[in-house]
Amino acid sequence: MSAKIAIIGSGPSGFYAADTFAKKMPDCKIDIIDRLHTPFGLVRAGVAPDHQGTKNITRQFERTMQNDAVRFIGNVEIGRDMSYDELKDLYDIVFLAIGAATDRKLGIAGEDLDGVYGSAAFVGWYNGHPDFVDLAPKLGPHGVAIIGNGNVAIDIVRVLAKNADEMEGSDLCVHAEERIRRANVSDFYMIGRRGAAHAAFTPSEANELGHLQDCHPVILNDDLSEAPTDDDPKSLKNKEKNLEILRGLKDQDRADKAKTLHMQFWAKPVAILGDTAVTGLRLERTKLDQGRVVGTGETFDIAVSCVISAIGYETQPFDGLPMNAGIVKNNDGVVESGVYVSGWAKHGPQGTIPTNRKESMEMAKRAMDDFAGASDKIGPKGLDKLLSDRGVHSVDFANWKVIEQREEQAARDGRVREKIVSF
Ligand code: NAP
């Protein structure tokens with residue numbers, strides 16, 4: 001009998017593993033289990049609503065679901081509906097693709113004020129993640145500061161700064177779109193604790209900042225002359241390209257753009273100001289000292305009503321899962337005998353969908369190599385019984401297709417779907 005496999009998490013890492021198992025191990029049984037009613041993880045709830053090209057990756061995942069060996073089981077949460085031990089008892093291979101869904105903390109004064117949000121919550125809010133639809137972020141009356149110089153920070157700037165026409169063809173949720181338009185924020189601050197030559201964002205995302213119809217980017221505290229360095233040639237090339245793009249932005253004519261993106265380099269947040277709600281952000285100028293970012297002691301304040309930290313994520317563990325510094329404790333992806341981890345839960349929140357694809361496929365192959373070849377586990381039948389005994393109402397892929405159809409039918413003009421945000 002071939003392996004019974006549980007994949008926890010239905011984002012790209014989970015689906016690429018499922019595809020590999022299904023193709024390479026005929027007769028295996030694969031259950032993709034997700035705590036949400038909807039599949040596709042970050043593709044649905046993380047990728048920006050105006051990046052539908054990236055979201056189209058789900059077509060590949062649909063093909064994986066055409067294999068009879070693969071089931072999607074939504075609305076089942078490990079740690080709530082069943083334990084980690086029960087999971088291991090039922091399946092030969094447990095493949096954790098649970099991502100990193102919790103915001104890292106800034107660890108500065110004022111972080112609990114009204115108007116401070118982590119990017120997981122904020123991005124989840126505009127993308128219709130059920131956990132965050134009620135966030136109702138306080139966006140005005142002053143500016144919005146976004147901490148971090150990664151692609152998530154750029155996504156947030158774009159979604160907040162684009163007008164309704166620029167969002168044509170997106171799936172920005174109506175609750176978010178209405179709030180963003182009402183707030184009509186005019187000033188965005190993107191805060192990098194290092195310089196432009198060190199920024200984590202990638203060229204195509206940086207380039208989009210130069211094409212916003214209503215928002216003019218201004219580069220502060222960096223003359224863009226520093227030559228980037230990087231041991232990885234691809235990263236070095238990206239950094240050089242970033243600088244070229246930023247130099248182009250610096251020379252751009254403001255025209256009649258009413259909004260401003262202040263790209264503030266060499267500054268780190270030291271305190272969020274306000275009594276109960278955010279009124280400002282205190283920044284300290286920074287420099288590099290033997291490769292480390294250090295404060296210079298010189299501080300300055302900016303008036304903002306909202307602070308969004310886009311500084312990375314940690315994995316949310318369930319009971320019994322060994323953790324280490326925000327990721328699942330693992331040895332090259334092996335958590336314990338028969339349990340594997342891949343993607344952001346394995347190495348932290350780095351890498352794009354294609355890089356995580358390669359890694360998930362390799363981890364799945366490793367799991368198959370380790371499998372002894374004879375299964376003595378109950379697998380899917382045991383899961384069905386356990387869920388039924390506990391009255392857990394799971395969602396299958398056919399149920400999801402109904403949800404998807406309803407979302408597409410409910411789309412407003414110029415939008416591709418209106419997500420159902422509570423179940
Ligand atoms: P990221 O790329 O790691 O960027 C995090 C940023 O936060 C960095 O600029 C980092 O600065 C800064 N930071 C960290 N701790 C900080 C602190 N305490 N104070 C101030 N700044 C701090 O993370 P991300 O933007 O969340 O993206 C996660 C991954 O998803 C990345 O691999 C990204 O490329 C990918 N992604 C891709 C796309 C896309 O392809 N379109 C879109 C979204 C996300 P330092 O560099 O100084 O550490």
# chains A, B, ... in the order shown; residues from 1 in each chain; ligands from 1
>>> residues_near_ligand(ligand="ligand 1", cutoff="8 Å", atoms="only C-alpha atoms and all ligand atoms", output="PyMOL selection string")
chain A and resi 46-48+51+105-107+119+147-155+191-194+198-202+204-205+268-269+293+309-313+349-353
>>> residues_around(residues="Phe188 (chain A)", least_positions_apart="3", cutoff="12 Å", atoms="only C-alpha atoms", output="PDB file with C-alpha atoms, in the first residue's frame")
ATOM      1  CA  LEU A 139      -6.126  55.509   7.851  1.00  0.00           C
ATOM      2  CA  GLY A 140      -6.480  59.266   8.304  1.00  0.00           C
ATOM      3  CA  PRO A 141      -6.530  62.204   8.761  1.00  0.00           C
ATOM      4  CA  HIS A 142      -2.738  62.387   8.500  1.00  0.00           C
ATOM      5  CA  GLY A 143      -0.318  60.217   6.629  1.00  0.00           C
ATOM      6  CA  VAL A 144       0.338  56.491   6.682  1.00  0.00           C
ATOM      7  CA  ALA A 145       3.808  55.196   7.561  1.00  0.00           C
ATOM      8  CA  ILE A 146       4.857  51.798   6.279  1.00  0.00           C
ATOM      9  CA  ILE A 147       7.913  50.355   8.013  1.00  0.00           C
ATOM     10  CA  ALA A 153       5.710  47.431   1.928  1.00  0.00           C
ATOM     11  CA  ILE A 154       5.498  48.334  -1.769  1.00  0.00           C
ATOM     12  CA  ILE A 156       0.686  48.208   0.642  1.00  0.00           C
ATOM     13  CA  VAL A 157       1.740  51.584  -0.755  1.00  0.00           C
ATOM     14  CA  ARG A 158       0.348  50.673  -4.162  1.00  0.00           C
ATOM     15  CA  VAL A 159      -2.987  49.401  -2.872  1.00  0.00           C
ATOM     16  CA  LEU A 160      -3.450  52.528  -0.739  1.00  0.00           C
ATOM     17  CA  ALA A 161      -2.248  55.005  -3.362  1.00  0.00           C
ATOM     18  CA  LYS A 162      -3.911  53.683  -6.507  1.00  0.00           C
ATOM     19  CA  ASN A 184      -8.099  59.680   0.678  1.00  0.00           C
ATOM     20  CA  VAL A 185      -4.655  59.727   2.334  1.00  0.00           C
ATOM     21  CA  ILE A 191      10.716  53.744   6.002  1.00  0.00           C
ATOM     22  CA  LEU A 209       6.020  53.049  -7.901  1.00  0.00           C
ATOM     23  CA  CYS A 215       1.165  59.569  -6.273  1.00  0.00           C
ATOM     24  CA  HIS A 216       4.613  61.078  -6.748  1.00  0.00           C
ATOM     25  CA  PRO A 217       7.614  59.290  -5.164  1.00  0.00           C
ATOM     26  CA  VAL A 218      10.212  61.421  -3.403  1.00  0.00           C
ATOM     27  CA  ALA A 258      -1.820  65.103  -5.426  1.00  0.00           C
ATOM     28  CA  LYS A 259      -0.342  62.339  -3.279  1.00  0.00           C
ATOM     29  CA  THR A 260       3.257  61.852  -2.187  1.00  0.00           C
ATOM     30  CA  LEU A 261       5.247  58.752  -1.358  1.00  0.00           C
ATOM     31  CA  HIS A 262       8.125  59.801   0.889  1.00  0.00           C
ATOM     32  CA  MET A 263      10.764  57.078   0.521  1.00  0.00           C
ATOM     33  CA  GLN A 264      12.697  57.680   3.709  1.00  0.00           C
ATOM     34  CA  ILE A 302       6.609  62.688  11.209  1.00  0.00           C
ATOM     35  CA  ALA A 303       2.861  63.300  11.588  1.00  0.00           C
ATOM     36  CA  VAL A 304       0.956  60.145  10.733  1.00  0.00           C
ATOM     37  CA  SER A 305      -2.316  58.572  11.861  1.00  0.00           C
ATOM     38  CA  CYS A 306      -1.426  55.042  10.915  1.00  0.00           C
ATOM     39  CA  VAL A 307       1.698  52.901  11.168  1.00  0.00           C
ATOM     40  CA  ILE A 308       1.922  49.604   9.302  1.00  0.00           C
TER      41      ILE A 308
END
>>> closest_residue(among="A:Asp50, A:Glu178, A:Glu362, A:Glu86", to="Val416 (chain A)", atoms="only C-alpha atoms")
A:Asp50
>>> closest_residue(among="A:Asn330, A:Gln252, A:Thr64, A:Ser337", to="Ile219 (chain A)", atoms="only C-alpha atoms")
A:Gln252
>>> closest_residue(among="A:Ala109, A:Leu283, A:His211, A:Lys365", to="Tyr189 (chain A)", atoms="only C-alpha atoms")
A:Leu283
>>> residues_around(residues="Ala101 (chain A)", least_positions_apart="4", cutoff="7 Å", atoms="only C-alpha atoms", output="PyMOL selection string")
chain A and resi 120+313-316
>>> write_last_selection(atoms="C-alpha atoms", output="PDB file, in the first residue's frame")
ATOM      1  CA  ALA A 120      -0.236  40.260   7.882  1.00  0.00           C
ATOM      2  CA  TYR A 313       6.388  37.241   9.752  1.00  0.00           C
ATOM      3  CA  GLU A 314       6.613  34.278  12.097  1.00  0.00           C
ATOM      4  CA  THR A 315       4.975  30.882  11.916  1.00  0.00           C
ATOM      5  CA  GLN A 316       1.947  30.359  14.128  1.00  0.00           C
TER       6      GLN A 316
END
>>> residues_around(residues="Thr229 (chain A)", least_positions_apart="2", cutoff="9 Å", atoms="only C-alpha atoms", output="PyMOL selection string")
chain A and resi 197-198+227+231-232+235-236+239-240
>>> residues_around(residues="Ser375 (chain A)", least_positions_apart="3", cutoff="12 Å", atoms="only C-alpha atoms", output="list in words")
Met1, Ser2, Ala3, Lys4, Ile5, Asp27, Cys28, Lys29, Asp89, Leu90, Tyr91, Asp92, Ile93, Gly338, Phe371, Ala372, Ile378 and Gly379 of chain A
>>> closest_residue(among="A:Pro39, A:Gly382, A:Gly169, A:Gly9", to="Lys401 (chain A)", atoms="only C-alpha atoms")
A:Pro39
>>> closest_residue(among="A:Asn324, A:Ser342, A:Asn356, A:Asn207", to="Val94 (chain A)", atoms="only C-alpha atoms")
A:Ser342
>>> select_by_dssp(residues="region 217-322 of chain A", states="alpha helix (DSSP H)", output="list in words")
Pro233, Lys234, Ser235, Leu236, Lys237, Asn238, Lys239, Glu240, Lys241, Asn242, Leu243, Glu244, Ile245, Leu246, Arg247, Gly248, Leu249 and Lys250 of chain A
>>> atom_distance(atom1="CA of Arg406 (chain A)", atom2="CA of Ala176 (chain A)")
19.3 Å
>>> atom_distance(atom1="CA of Ala100 (chain A)", atom2="CA of Ser83 (chain A)")
19.4 Å
>>> atom_distance(atom1="CA of Pro228 (chain A)", atom2="CA of Ala325 (chain A)")
28.8 Å
>>> residues_around(residues="Asn127 (chain A)", least_positions_apart="5", cutoff="10 Å", atoms="only C-alpha atoms", output="list in words")
Leu42, Val43, Arg44, Ala45, Gly46, Val47, Ala48, Pro49, Ala121, Phe122, Phe132, Val133, Asp171, Leu172, Cys173, Val174, His175, Ala176, Lys419 and Val421 of chain A
>>> closest_residue(among="A:Met82, A:Ile98, A:Ala267, A:Leu36", to="Leu288 (chain A)", atoms="only C-alpha atoms")
A:Ala267
>>> residues_around(residues="Thr38 (chain A)", least_positions_apart="3", cutoff="9 Å", atoms="only C-alpha atoms", output="PyMOL selection string")
chain A and resi 10+34-35+41+44+74-75+395+397+400+403-404
>>> decode(residues="region 135-158 of chain A", atoms="N, CA, C and O atoms", output="PDB file, in the first residue's frame")
ATOM      1  N   LEU A 135     -10.883  44.542  10.785  1.00  0.00           N
ATOM      2  CA  LEU A 135      -9.770  45.370  11.263  1.00  0.00           C
ATOM      3  C   LEU A 135     -10.139  46.866  11.272  1.00  0.00           C
ATOM      4  O   LEU A 135      -9.764  47.593  12.180  1.00  0.00           O
ATOM      5  N   ALA A 136     -10.891  47.312  10.276  1.00  0.00           N
ATOM      6  CA  ALA A 136     -11.296  48.723  10.156  1.00  0.00           C
ATOM      7  C   ALA A 136     -10.130  49.665  10.472  1.00  0.00           C
ATOM      8  O   ALA A 136     -10.203  50.466  11.406  1.00  0.00           O
ATOM      9  N   PRO A 137      -9.066  49.609   9.705  1.00  0.00           N
ATOM     10  CA  PRO A 137      -7.887  50.414  10.044  1.00  0.00           C
ATOM     11  C   PRO A 137      -8.167  51.910   9.995  1.00  0.00           C
ATOM     12  O   PRO A 137      -8.943  52.388   9.181  1.00  0.00           O
ATOM     13  N   LYS A 138      -7.502  52.591  10.892  1.00  0.00           N
ATOM     14  CA  LYS A 138      -7.651  54.047  11.013  1.00  0.00           C
ATOM     15  C   LYS A 138      -6.638  54.654  10.047  1.00  0.00           C
ATOM     16  O   LYS A 138      -5.445  54.687  10.342  1.00  0.00           O
ATOM     17  N   LEU A 139      -7.096  55.098   8.888  1.00  0.00           N
ATOM     18  CA  LEU A 139      -6.126  55.509   7.851  1.00  0.00           C
ATOM     19  C   LEU A 139      -5.824  57.007   7.852  1.00  0.00           C
ATOM     20  O   LEU A 139      -4.784  57.424   7.376  1.00  0.00           O
ATOM     21  N   GLY A 140      -6.731  57.829   8.335  1.00  0.00           N
ATOM     22  CA  GLY A 140      -6.480  59.266   8.304  1.00  0.00           C
ATOM     23  C   GLY A 140      -6.589  59.864   9.689  1.00  0.00           C
ATOM     24  O   GLY A 140      -6.707  59.113  10.653  1.00  0.00           O
ATOM     25  N   PRO A 141      -6.547  61.200   9.825  1.00  0.00           N
ATOM     26  CA  PRO A 141      -6.530  62.204   8.761  1.00  0.00           C
ATOM     27  C   PRO A 141      -5.119  62.505   8.235  1.00  0.00           C
ATOM     28  O   PRO A 141      -4.978  63.120   7.184  1.00  0.00           O
ATOM     29  N   HIS A 142      -4.094  62.079   8.980  1.00  0.00           N
ATOM     30  CA  HIS A 142      -2.738  62.387   8.500  1.00  0.00           C
ATOM     31  C   HIS A 142      -2.212  61.233   7.654  1.00  0.00           C
ATOM     32  O   HIS A 142      -2.973  60.389   7.217  1.00  0.00           O
ATOM     33  N   GLY A 143      -0.912  61.193   7.535  1.00  0.00           N
ATOM     34  CA  GLY A 143      -0.318  60.217   6.629  1.00  0.00           C
ATOM     35  C   GLY A 143      -0.294  58.807   7.176  1.00  0.00           C
ATOM     36  O   GLY A 143      -0.672  58.531   8.316  1.00  0.00           O
ATOM     37  N   VAL A 144       0.160  57.896   6.321  1.00  0.00           N
ATOM     38  CA  VAL A 144       0.338  56.491   6.682  1.00  0.00           C
ATOM     39  C   VAL A 144       1.822  56.166   6.546  1.00  0.00           C
ATOM     40  O   VAL A 144       2.424  56.426   5.502  1.00  0.00           O
ATOM     41  N   ALA A 145       2.402  55.623   7.627  1.00  0.00           N
ATOM     42  CA  ALA A 145       3.808  55.196   7.561  1.00  0.00           C
ATOM     43  C   ALA A 145       3.861  53.691   7.403  1.00  0.00           C
ATOM     44  O   ALA A 145       3.154  52.964   8.105  1.00  0.00           O
ATOM     45  N   ILE A 146       4.679  53.242   6.475  1.00  0.00           N
ATOM     46  CA  ILE A 146       4.857  51.798   6.279  1.00  0.00           C
ATOM     47  C   ILE A 146       6.327  51.503   6.583  1.00  0.00           C
ATOM     48  O   ILE A 146       7.222  52.059   5.939  1.00  0.00           O
ATOM     49  N   ILE A 147       6.549  50.653   7.589  1.00  0.00           N
ATOM     50  CA  ILE A 147       7.913  50.355   8.013  1.00  0.00           C
ATOM     51  C   ILE A 147       8.428  49.151   7.241  1.00  0.00           C
ATOM     52  O   ILE A 147       7.796  48.094   7.258  1.00  0.00           O
ATOM     53  N   GLY A 148       9.586  49.305   6.610  1.00  0.00           N
ATOM     54  CA  GLY A 148      10.167  48.188   5.860  1.00  0.00           C
ATOM     55  C   GLY A 148      10.373  48.578   4.413  1.00  0.00           C
ATOM     56  O   GLY A 148       9.658  49.435   3.871  1.00  0.00           O
ATOM     57  N   ASN A 149      11.370  47.964   3.800  1.00  0.00           N
ATOM     58  CA  ASN A 149      11.676  48.232   2.397  1.00  0.00           C
ATOM     59  C   ASN A 149      11.611  46.953   1.576  1.00  0.00           C
ATOM     60  O   ASN A 149      12.452  46.700   0.715  1.00  0.00           O
ATOM     61  N   GLY A 150      10.612  46.122   1.901  1.00  0.00           N
ATOM     62  CA  GLY A 150      10.439  44.883   1.144  1.00  0.00           C
ATOM     63  C   GLY A 150       9.282  45.005   0.165  1.00  0.00           C
ATOM     64  O   GLY A 150       8.649  46.061   0.040  1.00  0.00           O
ATOM     65  N   ASN A 151       9.006  43.931  -0.530  1.00  0.00           N
ATOM     66  CA  ASN A 151       7.919  43.943  -1.512  1.00  0.00           C
ATOM     67  C   ASN A 151       6.549  44.090  -0.864  1.00  0.00           C
ATOM     68  O   ASN A 151       5.627  44.639  -1.471  1.00  0.00           O
ATOM     69  N   VAL A 152       6.419  43.612   0.373  1.00  0.00           N
ATOM     70  CA  VAL A 152       5.115  43.765   1.041  1.00  0.00           C
ATOM     71  C   VAL A 152       4.847  45.249   1.293  1.00  0.00           C
ATOM     72  O   VAL A 152       3.733  45.738   1.078  1.00  0.00           O
ATOM     73  N   ALA A 153       5.880  45.987   1.709  1.00  0.00           N
ATOM     74  CA  ALA A 153       5.710  47.431   1.928  1.00  0.00           C
ATOM     75  C   ALA A 153       5.260  48.097   0.630  1.00  0.00           C
ATOM     76  O   ALA A 153       4.330  48.926   0.624  1.00  0.00           O
ATOM     77  N   ILE A 154       5.879  47.726  -0.475  1.00  0.00           N
ATOM     78  CA  ILE A 154       5.498  48.334  -1.769  1.00  0.00           C
ATOM     79  C   ILE A 154       4.065  47.955  -2.140  1.00  0.00           C
ATOM     80  O   ILE A 154       3.287  48.791  -2.608  1.00  0.00           O
ATOM     81  N   ASP A 155       3.705  46.682  -1.904  1.00  0.00           N
ATOM     82  CA  ASP A 155       2.315  46.272  -2.189  1.00  0.00           C
ATOM     83  C   ASP A 155       1.327  47.182  -1.450  1.00  0.00           C
ATOM     84  O   ASP A 155       0.318  47.623  -2.008  1.00  0.00           O
ATOM     85  N   ILE A 156       1.620  47.423  -0.185  1.00  0.00           N
ATOM     86  CA  ILE A 156       0.686  48.208   0.642  1.00  0.00           C
ATOM     87  C   ILE A 156       0.601  49.646   0.119  1.00  0.00           C
ATOM     88  O   ILE A 156      -0.490  50.206  -0.017  1.00  0.00           O
ATOM     89  N   VAL A 157       1.751  50.220  -0.201  1.00  0.00           N
ATOM     90  CA  VAL A 157       1.740  51.584  -0.755  1.00  0.00           C
ATOM     91  C   VAL A 157       0.863  51.623  -2.005  1.00  0.00           C
ATOM     92  O   VAL A 157       0.003  52.500  -2.164  1.00  0.00           O
ATOM     93  N   ARG A 158       1.079  50.665  -2.888  1.00  0.00           N
ATOM     94  CA  ARG A 158       0.348  50.673  -4.162  1.00  0.00           C
ATOM     95  C   ARG A 158      -1.156  50.565  -3.946  1.00  0.00           C
ATOM     96  O   ARG A 158      -1.943  51.314  -4.522  1.00  0.00           O
TER      97      ARG A 158
END
